[in-house]
Each structure stands twice: as structure tokens, then as C-alpha cells.
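First up is the structure itself, then whatever we jot down about it.
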Amino acid sequence: MQEFVAIVLQLPVQLPLSGGGPVDVSLYRLILDSLSEGVCTVDRDWTITYFNRAAERLTGVPVEEALGSNFVELFKGEACECHALLAQVMESGRPLAEKPTVIVDRRGARVPVNLNVTPIHAGDGSIVGLAASFRDVSAMELLRKELRGEHAVGDIVSKNPAIRRILNILPQIAESGSTVLITGPSGTGKELFARAIHHAGPRRDGPFVAVNCGALPDTLLESELFGYKQGAFTDAKRDKPGRFALAQGGTLFLDEIGDVSPALQIKLLRVLQEREYEPLGATATQKTDARIIAATNRDLADAAMRGLFRNDLFYRLNVVQIDLPPLAERREDIPLLVEHFIRALNAEKGRKVTRVSSGAMRRLLLYPFPGNVRELRNALEYAGIICQGGEIQEQCLPPAILEHGGAACLDAAGAAPLKPPPRDEKERIAAALAAHGGHRARTARALGINASTLWRKMRKHGIS
């Protein structure tokens, strides 16, 4: 393949055939243009001499802009790793095959690719340039990460200012080893952030163990967390390690921590204070060094004030708090998430969806998504099943989205939502608080936002 690219791009416009007319080499160039792999050639001065349509799609750089531009100048620091690999081949003359690397496109998205590079030789054998092809392997990379449960900071798709602020400090949070409390409505991706913290921190080689505290009754949850010894109860035929033991040297993710009963809260408090616990039926305590990341869709501060959650446990958990906004507050992320989920679902389900129609995208932008990011993913999975072609049409979306009236407004291009004027938002919050007697938790539910988000907005608008 690489040799074919190198030869074709050195050929003159026409070649004579023995016993026949000339062959139009532009036909071969059209073949290169139709490939799904990106193809780029540069001369000795790093001037781009060829750039096919797949390269345009992968990088976001138009062919017309790329041709004649300097490779290093055009891509600057984003092409640093690629440039180093190409320079290696230029200097050594040895081809490079299937080298995993990353391209950062014009939108700032990191696209994992497999890179192939071949030197282009002149008649005297000297190297006059390079032919490079790069194959997008993001679908396979997404599938691999889903199967292994590996998620890094770079896997979190967002251009929302609140999320970007969180991402900027996430590496420091990960390195700190401190206990983290992630709050936000259901479906906002709390476990994704927890996994990203784990994989960016010093415990990345240890296990990541997750348990949903709201899905199990008290007695079963206690044995799941702390384990039990043989004979602890009738069916305890052998020792069973709990999640704290399984997470040794790694991270324990306690999802829906707000649903834990008061009795179990006391036991969890002891683990956080003393770093030790007792399995059921044990006569001695066991030490744990698992890092704790907890998550909840409840306002634990409010619950602690009203005596529904232990104050001391809340403060032990709330060393570092990350508050994830609902999707309704980050609508600018919907097109990015759509593209991300289409790639992931294509890899996971073996589909070939290429895009979402403008009508379908408008519907998605207008819908409030009470189920947040999870609901958006499910909607796209549903649409991928219903639609037969490569494009998701408006009528393929779930009935809930199609039946929604669309109270939100879009800008003139229909591409991004317009935020309500601050005065309207302030009046809406004040009216909702008055209607619910100043009760923040009930007001937040009525407005469809998280209680901590409501508190942040109240401070912003000076509402007491």
C-alpha cells in the first residue's frame, strides 16, 4: 500500500503504454482520494505535496489549505509526535509500519491512528520526501476501553466551561490520593469521572472496584463491602473477601452513597477514619489502603443539615467535591457527544452510522434530557436500530424526543442553544423557591437541576 502511494505520487500526469495510448495517472490519484485511510506526502522541506479527502476528514484541515503548506507550521504542536516519527524515517530511510500514535484535529479531539510511513526515492536513490498513511482506530480503541473499563481524562467529551474547569484540575485530584465526592443528577457520567481519576493517579495499576450502594439491601451491602468469614451465617461455606479487600492498592467507587442506611454509615465512617474494618464473623480487624471515590445524585449537605445523613461521614467523604452539571446545562456538548457515541456504538454493535441529519440534531438540541448523557446514548442506540441507512433521520429518534414541544431556543444557525438572560433565570429561581417555601431540595427537583447547582445559581444571582 505505502509503496503504491509513493510510486503513484511520483508519476507524471500520463504514462505511455507499449502498444497503446497513454494511461491517465490522475485515475490512480482518484483511487487514493477514495481510500478510508488518510494519505499525506511531504517533500524534503516538509511542504505538503498531497493530502487526500480522508486526511481532511481526520484532521479537520481542508485539502486546499493543506496543499503547499508546511507540515510542521500547519499542525504546530499538535503534530509533534507525528512529525518526530516522520523525521525518523526521513533521516534513516527505514519505513515505519502500523505505529500507534495520536492526531489532534482542529476541534481539539484526540484521534488514535495507526501510522505507516515510506520514503520517496529519486532516481539516484536519494530521499526526496515521504508518503504517510494513517488509519483511524478510534472505534477499536473505544471498544477496547469499554471492555476493560479503562477511561482517561481525554475520553471525557466536553467544551462546557464548567466541565473544562473540572478537567483542568482532574490530574491534580488524581495525584492527590484524597477522598473524592462526585455529585450530579443520574446519568451525568459520575462513574466515568471516577474511572478517569483512578487511571490518572498513582493507583492506576491497581484494581478499580465499583459497588452500587442503592441497589442492595443493608445486610447484603455490608457483606459485599466488608466480606465474611466461613460460618458467619448459615450459607457461609467459605471465606469471601469484600469490595474493600478486592480494592486493596486501588480504588473503591461507592456509587449512590446517599442511599446508605444510618447503621451502615457508622461502619463506613470507621473505615474512613481508622482505615480498618471487620468482615462479618471475623474476630480481628483488617486494614485497607483503598482510595475512596463516592458519588450521589442527592444533596448530601442538605441531607446532613436535616439529619438524614451523618454530618461526620459527609465531611469525611467531601474532601474534594466534583459537581457535574446536567446535560440541559451543557447543550453545547450534545453535537460532540453525538459524534462520540456514534463511533462507540458503531464499534460495539458493528453498525455503520455516519452522521445525524440536521432535523434530528435540532430535536436533540431542543430536548431537555432528564436522563442526561445516559439518555442521549440510549436515544442514539435506539435510532441506530430503527434507521436502516448510514444517517440517523428525525423520525428514527425515540418517541419521547419526537413528542417534546421544544421549549428551549436555538441560535440562528440552529446549532447551539441560547442561554436565558440572567434576569429571567433569577426570577424563575426566586418564583420556584417561593412556591416551595424556600426548600432547596424540592425547588431543585421542580427546576430539574441538582441541589448544589441550584445553590451555585442562588449565590450567582444574590438570592438568599
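How things are named: the first chain in the C-alpha cells is A, the next is B, and so on; residues count from 1 in each chain; ligands count from 1 in the order shown.
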Surrounding residues of Val137 in chain A excluding itself and chain neighbours under 6 positions, 12 Å, only C-alpha atoms, as a PyMOL selection string: chain A and resi 36-38+58+98-103+110-115+143-144+343-344+347
Mind checking DSSP for range 130-326 of chain A and telling me the strand (DSSP E) residues as a PyMOL selection string? chain A and resi 130-136+180-183+208-212+227-228+240-241+251-255+276-277+286-287+291-296+320-323
Could those selected residues go to a file with C-alpha atoms, as a compact mmCIF listing (two decimals), in the first residue's frame?
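What follows is the written file again_25.txt:
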```txt
# COMPACT_ATOMS: atom_id res chain seq x y z
CA LEU A 130 7.81 10.86 2.50
CA ALA A 131 4.45 9.17 1.91
CA ALA A 132 2.41 8.66 5.07
CA SER A 133 -0.93 6.98 5.62
CA PHE A 134 -2.86 6.97 8.86
CA ARG A 135 -5.82 4.77 9.73
CA ASP A 136 -8.40 5.89 12.30
CA VAL A 180 -13.48 12.44 46.30
CA LEU A 181 -17.24 13.05 46.32
CA ILE A 182 -18.82 13.33 42.84
CA THR A 183 -22.31 14.86 42.80
CA PHE A 208 -10.96 -0.25 40.23
CA VAL A 209 -13.86 -1.78 42.14
CA ALA A 210 -17.37 -0.34 41.91
CA VAL A 211 -20.40 -1.04 44.07
CA ASN A 212 -23.90 0.48 43.79
CA GLY A 227 -16.83 -9.69 53.18
CA TYR A 228 -17.43 -12.51 55.62
CA LYS A 240 -15.48 -14.36 50.94
CA PRO A 241 -13.42 -11.16 50.51
CA THR A 251 -9.80 2.49 44.13
CA LEU A 252 -13.21 1.66 45.62
CA PHE A 253 -16.06 3.53 43.95
CA LEU A 254 -19.14 3.83 46.19
CA ASP A 255 -21.97 4.84 43.88
CA GLU A 276 -9.75 -0.67 59.01
CA TYR A 277 -12.89 -2.84 59.03
CA GLN A 286 -8.36 -5.87 58.61
CA LYS A 287 -6.51 -2.87 57.20
CA ARG A 291 -8.77 5.05 47.80
CA ILE A 292 -12.44 6.02 48.20
CA ILE A 293 -14.38 7.83 45.49
CA ALA A 294 -18.08 8.26 46.30
CA ALA A 295 -20.93 9.52 44.14
CA THR A 296 -24.52 10.59 44.71
CA VAL A 320 -12.71 17.08 47.23
CA GLN A 321 -16.12 17.66 45.63
CA ILE A 322 -16.82 17.50 41.90
CA ASP A 323 -20.25 18.76 40.87
```
Between CA of Arg106 in chain A and CA of Pro62 in chain A, what distance in Å does the model show, to one decimal? 10.4 Å
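What separates CA of Leu85 in chain A from CA of Arg44 in chain A is a distance of 14.6 Å.
Checking A:Glu191, A:Glu56, A:Asp218, A:Glu394 one by one against Arg374 in chain A, counting only C-alpha atoms, you find the shortest gap at A:Glu191.
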